[in-house]
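J.: The structure is given below, and queries will be raised subsequently.
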Amino acid sequence: MKKYNIAIVGATGLVGSTFLKVMAEYKIEVNNLYLYASEKSEGKEIKYLDKTYKVIDLKKAKFDNVDFALFSAGGSVSNEYAPKFSAGGAYVIDNSSNFRMVKDIPLIVPEINISDYKMNKIIANPNCSTIQSVLPLYYLDKEFKVTKINYTTFQAVSGSGMKGLNDLYDTRNGENPKFYPYNISKTCIPEIDVFLDNHYTKEEMKMVNETRKILHNDDIKISATCVRVPIPYSHGVSIVATFEKEINYKKALETLENKPGIIVVDDIKNHGYPVATVSTGTDLVYCGRFRDDLATENTIIFYTVADNVRKGAAANAVEIMLKIMEDME
Ligand SMILES: NC(=O)c1ccc[n+]([C@@H]2O[C@H](COP(=O)([O-])OP(=O)(O)OC[C@H]3O[C@@H](n4cnc5c(N)ncnc54)[C@H](OP(=O)(O)O)[C@@H]3O)[C@@H](O)[C@H]2O)c1
């Protein structure tokens, strides 16, 4: 494969460092690699493949010699700098929520809608919980046409970046919480991102709006409840989904067997179901606990688990970049 000039914005963070890890696993050789973070990280050394690079203050960035810019430094940084990199000619793949619902900006899960990337040089990576939910739903939707979804999430603290991980580990050691409003080592917290006027949180409405955008269907009725739980990595999502066509849990299981990006684990006699300790470090969406809903017809319930920092963020972004690179060869 050709070598490209790649910029990582937020290279010292949880997602940024995982971009590099995933790129190294794919053995992506670079022409130039620019590692950007805030002023406080300037000069810090980071190794990629066999070379060591110095972190540069983003304020000193140059925009005219970059093919791909992978962003994970928060919404306001993306808002200011992503247009500059794309104007300089780069494909920007952004992990913040800043551009996700902008009309002409594609929101991509590569297994679902990679061809959407041609719409714009800025590409948005969906919310972590959305990615692992929408992938199995996409395959089920193609067969049975989804009409209604109810999500309940169980989200790991790494979804809040380094601050979340530190708060879990520090409170486990008896310190008072510095980041979450309650002691995350001792309780689940049903509040992720800010509360909105409709009493949902912004995280919950991301799941509602992003699912519709990725499945290209604004008519799906969706609700979500998002909960932070005291584990370091891998989000869980319980999904209740209603379909137009007749469905039951066995048909759903058959549909999801051997689908790209999915691994079905549903062997209840042997405690076989998705768990964070298995999904962490992988790029697959684990699906299991398939049941027919007892309350509503043509409705199934199942549970997904995926590594939020990898498939929910960095790996999804690198997979998008690789597909574009393939098209550029
Ligand atoms: N964690 C997840 O599971 C996940 C999943 C999906 C999306 N995301 C999104 O990815 C982004 C980063 O998340 P994270 O979990 O990696 O957070 P993180 O661990 O806190 O890392 C944040 C990164 O952004 C950099 N940064 C902050 N302010 C900056 C500024 N003004 N200029 C330049 N660089 C700046 C930081 O650099 P310094 O080290 O120099 O401060 C650091 O490299 C967020 O938008 C988040 O919503 C995260």
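Convention: chains lettered A, B, ... in structure tokens order; per-chain residue numbering from 1; ligands numbered from 1 as shown.
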Wanna dump the chain A-ligand 1 contacts at 8 Å for me, each residue with its shortest atom pair and the distance in Å to one decimal, counting only C-alpha atoms and all ligand atoms, ordered by chain and number, as a Markdown table?
T.:
```
| residue | atom | partner | partner_atom_place_in_ligand_line | distance |
| --- | --- | --- | --- | --- |
| A:Val9 | CA | ligand 1 | 34 (N) | 6.3 |
| A:Gly10 | CA | ligand 1 | 43 (O) | 3.3 |
| A:Ala11 | CA | ligand 1 | 43 (O) | 4.7 |
| A:Thr12 | CA | ligand 1 | 43 (O) | 3.7 |
| A:Gly13 | CA | ligand 1 | 21 (O) | 3.2 |
| A:Leu14 | CA | ligand 1 | 16 (O) | 3.8 |
| A:Val15 | CA | ligand 1 | 16 (O) | 3.7 |
| A:Gly16 | CA | ligand 1 | 16 (O) | 5.6 |
| A:Ser17 | CA | ligand 1 | 16 (O) | 7.7 |
| A:Tyr36 | CA | ligand 1 | 34 (N) | 6.4 |
| A:Ala37 | CA | ligand 1 | 34 (N) | 3.6 |
| A:Ser38 | CA | ligand 1 | 33 (C) | 3.7 |
| A:Glu39 | CA | ligand 1 | 40 (O) | 6.1 |
| A:Lys40 | CA | ligand 1 | 40 (O) | 5.1 |
| A:Ser41 | CA | ligand 1 | 40 (O) | 4.3 |
| A:Glu42 | CA | ligand 1 | 40 (O) | 7.3 |
| A:Asp57 | CA | ligand 1 | 33 (C) | 6.7 |
| A:Leu58 | CA | ligand 1 | 33 (C) | 5.1 |
| A:Lys59 | CA | ligand 1 | 32 (N) | 7.2 |
| A:Phe71 | CA | ligand 1 | 11 (C) | 7.3 |
| A:Ser72 | CA | ligand 1 | 11 (C) | 3.8 |
| A:Ala73 | CA | ligand 1 | 24 (O) | 3.2 |
| A:Gly74 | CA | ligand 1 | 45 (O) | 3.2 |
| A:Gly75 | CA | ligand 1 | 45 (O) | 5.4 |
| A:Ser76 | CA | ligand 1 | 31 (N) | 7.9 |
| A:Val77 | CA | ligand 1 | 31 (N) | 5.9 |
| A:Asn95 | CA | ligand 1 | 7 (C) | 4.8 |
| A:Ser96 | CA | ligand 1 | 45 (O) | 3.7 |
| A:Ser97 | CA | ligand 1 | 47 (O) | 6.6 |
| A:Asn125 | CA | ligand 1 | 7 (C) | 7.7 |
| A:Pro126 | CA | ligand 1 | 6 (C) | 7.4 |
| A:Asn127 | CA | ligand 1 | 6 (C) | 5.4 |
| A:Cys128 | CA | ligand 1 | 6 (C) | 4.9 |
| A:Ser158 | CA | ligand 1 | 1 (N) | 5.1 |
| A:Gly159 | CA | ligand 1 | 3 (O) | 3.5 |
| A:Ser160 | CA | ligand 1 | 1 (N) | 5.3 |
| A:Gly161 | CA | ligand 1 | 15 (O) | 3.0 |
| A:Met162 | CA | ligand 1 | 19 (O) | 4.2 |
| A:Lys163 | CA | ligand 1 | 20 (O) | 6.3 |
| A:Asn308 | CA | ligand 1 | 3 (O) | 4.6 |
| A:Val309 | CA | ligand 1 | 3 (O) | 4.1 |
| A:Arg310 | CA | ligand 1 | 3 (O) | 7.7 |
| A:Gly312 | CA | ligand 1 | 5 (C) | 5.6 |
| A:Ala313 | CA | ligand 1 | 6 (C) | 4.5 |
| A:Ala314 | CA | ligand 1 | 6 (C) | 7.7 |
```
J.: What lies within 12 Å of Asn113 in chain A using only C-alpha atoms, ignoring chain neighbours under 2 positions off, as a count of residues only?
T.: 24
J.: Where does DSSP see alpha helix (DSSP H) in range 126-188 of chain A, if you list the residues as number ranges by chain?
T.: A: 128-144, 162-172
J.: Only N, CA and C atoms, please: the residues just picked out, written as a JSON list (two decimals), in the first residue's frame.
T.:
```json
[["chain", "number", "residue", "atom", "x", "y", "z"],
["A", 128, "CYS", "N", -19.83, 5.70, 20.46],
["A", 128, "CYS", "CA", -19.40, 4.32, 20.73],
["A", 128, "CYS", "C", -20.57, 3.36, 20.94],
["A", 129, "SER", "N", -21.55, 3.74, 21.75],
["A", 129, "SER", "CA", -22.69, 2.84, 22.00],
["A", 129, "SER", "C", -23.54, 2.66, 20.74],
["A", 130, "THR", "N", -23.58, 3.71, 19.92],
["A", 130, "THR", "CA", -24.36, 3.60, 18.68],
["A", 130, "THR", "C", -23.74, 2.57, 17.74],
["A", 131, "ILE", "N", -22.41, 2.59, 17.60],
["A", 131, "ILE", "CA", -21.76, 1.69, 16.64],
["A", 131, "ILE", "C", -22.10, 0.23, 16.95],
["A", 132, "GLN", "N", -21.94, -0.17, 18.22],
["A", 132, "GLN", "CA", -22.14, -1.59, 18.54],
["A", 132, "GLN", "C", -23.62, -1.97, 18.52],
["A", 133, "SER", "N", -24.52, -1.00, 18.55],
["A", 133, "SER", "CA", -25.96, -1.29, 18.50],
["A", 133, "SER", "C", -26.44, -1.35, 17.06],
["A", 134, "VAL", "N", -25.96, -0.41, 16.27],
["A", 134, "VAL", "CA", -26.50, -0.26, 14.92],
["A", 134, "VAL", "C", -25.97, -1.35, 13.97],
["A", 135, "LEU", "N", -24.80, -1.93, 14.29],
["A", 135, "LEU", "CA", -24.26, -2.94, 13.38],
["A", 135, "LEU", "C", -25.16, -4.19, 13.33],
["A", 136, "PRO", "N", -25.49, -4.84, 14.47],
["A", 136, "PRO", "CA", -26.42, -5.97, 14.36],
["A", 136, "PRO", "C", -27.80, -5.55, 13.86],
["A", 137, "LEU", "N", -28.25, -4.34, 14.26],
["A", 137, "LEU", "CA", -29.58, -3.89, 13.82],
["A", 137, "LEU", "C", -29.62, -3.69, 12.30],
["A", 138, "TYR", "N", -28.51, -3.27, 11.71],
["A", 138, "TYR", "CA", -28.44, -3.08, 10.26],
["A", 138, "TYR", "C", -28.73, -4.41, 9.54],
["A", 139, "TYR", "N", -28.07, -5.50, 10.00],
["A", 139, "TYR", "CA", -28.28, -6.80, 9.34],
["A", 139, "TYR", "C", -29.72, -7.28, 9.56],
["A", 140, "LEU", "N", -30.27, -7.05, 10.75],
["A", 140, "LEU", "CA", -31.65, -7.47, 11.03],
["A", 140, "LEU", "C", -32.64, -6.61, 10.24],
["A", 141, "ASP", "N", -32.33, -5.32, 10.12],
["A", 141, "ASP", "CA", -33.20, -4.39, 9.38],
["A", 141, "ASP", "C", -33.32, -4.81, 7.91],
["A", 142, "LYS", "N", -32.20, -5.25, 7.33],
["A", 142, "LYS", "CA", -32.23, -5.65, 5.91],
["A", 142, "LYS", "C", -33.22, -6.79, 5.69],
["A", 143, "GLU", "N", -33.35, -7.70, 6.66],
["A", 143, "GLU", "CA", -34.22, -8.87, 6.52],
["A", 143, "GLU", "C", -35.65, -8.59, 7.01],
["A", 144, "PHE", "N", -35.76, -7.84, 8.11],
["A", 144, "PHE", "CA", -37.06, -7.78, 8.80],
["A", 144, "PHE", "C", -37.61, -6.36, 8.95],
["A", 162, "MET", "N", -9.39, 9.54, 29.79],
["A", 162, "MET", "CA", -8.48, 9.30, 30.93],
["A", 162, "MET", "C", -9.12, 9.71, 32.25],
["A", 163, "LYS", "N", -9.93, 10.80, 32.21],
["A", 163, "LYS", "CA", -10.54, 11.30, 33.46],
["A", 163, "LYS", "C", -11.45, 10.24, 34.07],
["A", 164, "GLY", "N", -12.18, 9.51, 33.23],
["A", 164, "GLY", "CA", -13.08, 8.47, 33.71],
["A", 164, "GLY", "C", -12.32, 7.32, 34.32],
["A", 165, "LEU", "N", -11.28, 6.86, 33.62],
["A", 165, "LEU", "CA", -10.47, 5.74, 34.13],
["A", 165, "LEU", "C", -9.83, 6.12, 35.47],
["A", 166, "ASN", "N", -9.26, 7.34, 35.53],
["A", 166, "ASN", "CA", -8.61, 7.77, 36.77],
["A", 166, "ASN", "C", -9.60, 7.83, 37.93],
["A", 167, "ASP", "N", -10.84, 8.30, 37.65],
["A", 167, "ASP", "CA", -11.84, 8.40, 38.73],
["A", 167, "ASP", "C", -12.21, 7.01, 39.24],
["A", 168, "LEU", "N", -12.30, 6.02, 38.33],
["A", 168, "LEU", "CA", -12.62, 4.66, 38.78],
["A", 168, "LEU", "C", -11.49, 4.12, 39.66],
["A", 169, "TYR", "N", -10.24, 4.23, 39.16],
["A", 169, "TYR", "CA", -9.13, 3.65, 39.91],
["A", 169, "TYR", "C", -8.89, 4.40, 41.23],
["A", 170, "ASP", "N", -9.00, 5.74, 41.21],
["A", 170, "ASP", "CA", -8.77, 6.51, 42.44],
["A", 170, "ASP", "C", -9.85, 6.24, 43.50],
["A", 171, "THR", "N", -11.12, 6.17, 43.06],
["A", 171, "THR", "CA", -12.19, 5.93, 44.05],
["A", 171, "THR", "C", -12.12, 4.50, 44.57],
["A", 172, "ARG", "N", -11.64, 3.56, 43.73],
["A", 172, "ARG", "CA", -11.43, 2.19, 44.24],
["A", 172, "ARG", "C", -10.39, 2.19, 45.37]]
```
J.: Residues within 8 Å of Pro274 in chain A, please, as number ranges by chain. Count only C-alpha atoms; anything in the same chain fewer than 3 positions from it doesn't count.
T.: A: 265-266, 278-279, 286-288, 303-305
J.: Which one is closest to Leu70 in chain A: A:Asn120, A:Asn298, A:Thr18, A:Asn248? Count only C-alpha atoms.
T.: A:Thr18
J.: Write down as a PyMOL selection string the residues of range 129-273 of chain A whose backbone DSSP state falls under strand (DSSP E or B).
T.: chain A and resi 146-155+189+195+201+221-228+235-243+262-264+267+272
J.: Could you name the residues that touch Glu329 in chain A at 12 Å or less, counting only C-alpha atoms, but leaving out those on the same chain fewer than 6 positions away, as a tab-separated table (two decimals) with all heavy atoms, in the first residue's frame?
T.:
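Listed below is the output, part-v4.tsv:
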```
chain	number	residue	atom	x	y	z
A	1	MET	N	0.84	-1.21	0.00
A	1	MET	CA	0.00	0.00	0.00
A	1	MET	C	0.87	1.26	0.00
A	1	MET	O	1.93	1.26	0.63
A	1	MET	CB	-0.92	-0.01	1.22
A	1	MET	CG	-2.07	0.97	1.10
A	1	MET	SD	-3.26	0.88	2.46
A	1	MET	CE	-4.38	-0.37	1.91
A	2	LYS	N	0.40	2.32	-0.70
A	2	LYS	CA	1.13	3.60	-0.73
A	2	LYS	C	1.33	4.13	0.70
A	2	LYS	O	0.51	3.84	1.57
A	2	LYS	CB	0.26	4.61	-1.48
A	2	LYS	CG	0.88	5.10	-2.80
A	2	LYS	CD	-0.12	5.95	-3.55
A	2	LYS	CE	-0.14	7.40	-3.07
A	2	LYS	NZ	-1.14	8.21	-3.82
A	3	LYS	N	2.37	4.94	0.90
A	3	LYS	CA	2.54	5.56	2.22
A	3	LYS	C	1.93	6.96	2.20
A	3	LYS	O	2.13	7.70	1.23
A	3	LYS	CB	4.03	5.67	2.55
A	3	LYS	CG	4.69	4.33	2.81
A	3	LYS	CD	6.13	4.56	3.22
A	3	LYS	CE	6.89	3.27	3.29
A	3	LYS	NZ	8.31	3.45	3.55
A	4	TYR	N	1.22	7.31	3.25
A	4	TYR	CA	0.53	8.59	3.30
A	4	TYR	C	1.06	9.46	4.45
A	4	TYR	O	1.74	8.97	5.35
A	4	TYR	CB	-0.98	8.36	3.50
A	4	TYR	CG	-1.61	7.69	2.31
A	4	TYR	CD1	-1.76	6.30	2.27
A	4	TYR	CD2	-2.03	8.42	1.20
A	4	TYR	CE1	-2.33	5.67	1.17
A	4	TYR	CE2	-2.60	7.81	0.11
A	4	TYR	CZ	-2.75	6.44	0.09
A	4	TYR	OH	-3.29	5.82	-1.00
A	322	LEU	N	-8.66	2.97	6.10
A	322	LEU	CA	-8.12	1.90	5.26
A	322	LEU	C	-8.96	1.70	4.00
A	322	LEU	O	-8.42	1.48	2.91
A	322	LEU	CB	-8.08	0.59	6.05
A	322	LEU	CG	-6.85	0.41	6.93
A	322	LEU	CD1	-7.05	-0.78	7.88
A	322	LEU	CD2	-5.59	0.20	6.09
A	323	LYS	N	-10.28	1.78	4.14
A	323	LYS	CA	-11.16	1.62	2.96
A	323	LYS	C	-10.91	2.75	1.97
A	323	LYS	O	-10.89	2.52	0.76
A	323	LYS	CB	-12.64	1.63	3.38
A	323	LYS	CG	-13.05	0.47	4.24
A	323	LYS	CD	-13.44	-0.73	3.40
A	323	LYS	CE	-14.00	-1.83	4.31
A	323	LYS	NZ	-14.05	-3.14	3.67
```
J.: Residues at most 12 Å from range 242-246 of chain A, counting only C-alpha atoms, excluding those fewer than 4 positions away in the same chain, as a PyMOL selection string?
T.: chain A and resi 137-138+140-151+220-222+250-252+292-302
J.: For CA of Val208 in chain A and CA of Tyr249 in chain A, quote the distance in Å rounded to one decimal.
T.: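 These atoms are spaced 23.2 Å apart.
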J.: Using only C-alpha atoms, determine which residues lie at most 6 Å from range 51-55 of chain A, disregarding the query and same-chain residues fewer than 4 positions distant; provide the list as number ranges by chain.
T.: A: 35-36, 42-47
J.: So that I have them on file, write out the residues from the current selection with N, CA, C and O atoms, as a PDB file, in the first residue's frame.
T.:
```pdb
ATOM      1  N   LEU A  35       1.943  14.159  15.193  1.00  0.00           N
ATOM      2  CA  LEU A  35       1.189  13.848  16.414  1.00  0.00           C
ATOM      3  C   LEU A  35       0.888  15.142  17.165  1.00  0.00           C
ATOM      4  O   LEU A  35       1.819  15.799  17.656  1.00  0.00           O
ATOM      5  N   TYR A  36      -0.382  15.515  17.230  1.00  0.00           N
ATOM      6  CA  TYR A  36      -0.771  16.775  17.863  1.00  0.00           C
ATOM      7  C   TYR A  36      -1.515  16.532  19.169  1.00  0.00           C
ATOM      8  O   TYR A  36      -2.276  15.573  19.307  1.00  0.00           O
ATOM      9  N   GLU A  42       3.548  19.121  24.533  1.00  0.00           N
ATOM     10  CA  GLU A  42       4.544  19.373  23.484  1.00  0.00           C
ATOM     11  C   GLU A  42       5.892  18.739  23.852  1.00  0.00           C
ATOM     12  O   GLU A  42       6.363  18.845  24.995  1.00  0.00           O
ATOM     13  N   GLY A  43       6.481  18.041  22.902  1.00  0.00           N
ATOM     14  CA  GLY A  43       7.795  17.441  23.104  1.00  0.00           C
ATOM     15  C   GLY A  43       7.761  16.020  23.643  1.00  0.00           C
ATOM     16  O   GLY A  43       8.754  15.304  23.600  1.00  0.00           O
ATOM     17  N   LYS A  44       6.606  15.598  24.166  1.00  0.00           N
ATOM     18  CA  LYS A  44       6.473  14.226  24.657  1.00  0.00           C
ATOM     19  C   LYS A  44       6.776  13.252  23.512  1.00  0.00           C
ATOM     20  O   LYS A  44       6.421  13.521  22.351  1.00  0.00           O
ATOM     21  N   GLU A  45       7.443  12.155  23.819  1.00  0.00           N
ATOM     22  CA  GLU A  45       7.833  11.229  22.740  1.00  0.00           C
ATOM     23  C   GLU A  45       6.895  10.027  22.686  1.00  0.00           C
ATOM     24  O   GLU A  45       6.532   9.458  23.707  1.00  0.00           O
ATOM     25  N   ILE A  46       6.488   9.693  21.437  1.00  0.00           N
ATOM     26  CA  ILE A  46       5.594   8.548  21.229  1.00  0.00           C
ATOM     27  C   ILE A  46       6.182   7.692  20.107  1.00  0.00           C
ATOM     28  O   ILE A  46       6.575   8.208  19.049  1.00  0.00           O
ATOM     29  N   LYS A  47       6.216   6.389  20.333  1.00  0.00           N
ATOM     30  CA  LYS A  47       6.787   5.467  19.341  1.00  0.00           C
ATOM     31  C   LYS A  47       5.683   4.969  18.405  1.00  0.00           C
ATOM     32  O   LYS A  47       4.575   4.653  18.870  1.00  0.00           O
TER      33      LYS A  47
END
```
J.: For Asn65 in chain A, work out the shell of residues within 10 Å, counting only C-alpha atoms and skipping chain neighbours fewer than 5 positions away, then give it as a PyMOL selection string.
T.: chain A and resi 4-7+32+85+88-90
J.: Next, dump the selected residues to file, keeping only all heavy atoms, as an mmCIF file, in the first residue's frame.
T.:
```
data_model
loop_
_atom_site.group_PDB
_atom_site.id
_atom_site.type_symbol
_atom_site.label_atom_id
_atom_site.label_comp_id
_atom_site.auth_asym_id
_atom_site.auth_seq_id
_atom_site.Cartn_x
_atom_site.Cartn_y
_atom_site.Cartn_z
ATOM 1 N N TYR A 4 1.225 7.306 3.249
ATOM 2 C CA TYR A 4 0.527 8.593 3.303
ATOM 3 C C TYR A 4 1.059 9.458 4.446
ATOM 4 O O TYR A 4 1.735 8.972 5.355
ATOM 5 C CB TYR A 4 -0.978 8.359 3.495
ATOM 6 C CG TYR A 4 -1.608 7.686 2.306
ATOM 7 C CD1 TYR A 4 -1.765 6.302 2.269
ATOM 8 C CD2 TYR A 4 -2.034 8.422 1.200
ATOM 9 C CE1 TYR A 4 -2.330 5.674 1.172
ATOM 10 C CE2 TYR A 4 -2.603 7.809 0.106
ATOM 11 C CZ TYR A 4 -2.746 6.438 0.095
ATOM 12 O OH TYR A 4 -3.293 5.819 -1.004
ATOM 13 N N ASN A 5 0.695 10.742 4.387
ATOM 14 C CA ASN A 5 0.979 11.660 5.494
ATOM 15 C C ASN A 5 -0.248 11.654 6.417
ATOM 16 O O ASN A 5 -1.354 11.977 5.979
ATOM 17 C CB ASN A 5 1.223 13.076 4.977
ATOM 18 C CG ASN A 5 2.434 13.131 4.078
ATOM 19 O OD1 ASN A 5 3.409 12.400 4.289
ATOM 20 N ND2 ASN A 5 2.387 13.977 3.053
ATOM 21 N N ILE A 6 -0.023 11.271 7.658
ATOM 22 C CA ILE A 6 -1.152 11.107 8.586
ATOM 23 C C ILE A 6 -0.946 12.004 9.815
ATOM 24 O O ILE A 6 0.155 12.045 10.378
ATOM 25 C CB ILE A 6 -1.291 9.627 9.018
ATOM 26 C CG1 ILE A 6 -1.564 8.764 7.773
ATOM 27 C CG2 ILE A 6 -2.398 9.449 10.061
ATOM 28 C CD1 ILE A 6 -1.686 7.272 8.046
ATOM 29 N N ALA A 7 -2.006 12.713 10.202
ATOM 30 C CA ALA A 7 -1.975 13.517 11.430
ATOM 31 C C ALA A 7 -2.935 12.898 12.442
ATOM 32 O O ALA A 7 -4.029 12.478 12.086
ATOM 33 C CB ALA A 7 -2.398 14.954 11.134
ATOM 34 N N ASN A 32 4.816 10.733 6.383
ATOM 35 C CA ASN A 32 5.039 11.587 7.566
ATOM 36 C C ASN A 32 3.925 11.308 8.573
ATOM 37 O O ASN A 32 2.782 11.069 8.177
ATOM 38 C CB ASN A 32 4.989 13.073 7.188
ATOM 39 C CG ASN A 32 6.208 13.475 6.387
ATOM 40 O OD1 ASN A 32 7.340 13.410 6.864
ATOM 41 N ND2 ASN A 32 5.985 13.867 5.130
ATOM 42 N N PHE A 85 -7.883 21.346 8.258
ATOM 43 C CA PHE A 85 -7.211 20.182 7.653
ATOM 44 C C PHE A 85 -7.923 19.773 6.357
ATOM 45 O O PHE A 85 -7.264 19.430 5.375
ATOM 46 C CB PHE A 85 -7.183 18.999 8.637
ATOM 47 C CG PHE A 85 -6.056 19.076 9.630
ATOM 48 C CD1 PHE A 85 -6.249 19.622 10.888
ATOM 49 C CD2 PHE A 85 -4.789 18.594 9.306
ATOM 50 C CE1 PHE A 85 -5.207 19.687 11.818
ATOM 51 C CE2 PHE A 85 -3.743 18.665 10.234
ATOM 52 C CZ PHE A 85 -3.954 19.214 11.491
ATOM 53 N N GLY A 88 -7.078 21.972 3.569
ATOM 54 C CA GLY A 88 -5.718 21.690 3.094
ATOM 55 C C GLY A 88 -5.628 20.421 2.262
ATOM 56 O O GLY A 88 -4.555 20.066 1.777
ATOM 57 N N GLY A 89 -6.744 19.682 2.141
ATOM 58 C CA GLY A 89 -6.765 18.503 1.266
ATOM 59 C C GLY A 89 -6.865 17.176 1.984
ATOM 60 O O GLY A 89 -6.916 16.123 1.347
ATOM 61 N N ALA A 90 -6.913 17.186 3.323
ATOM 62 C CA ALA A 90 -6.937 15.907 4.058
ATOM 63 C C ALA A 90 -8.360 15.366 4.189
ATOM 64 O O ALA A 90 -9.324 16.136 4.235
ATOM 65 C CB ALA A 90 -6.363 16.111 5.464
#
```
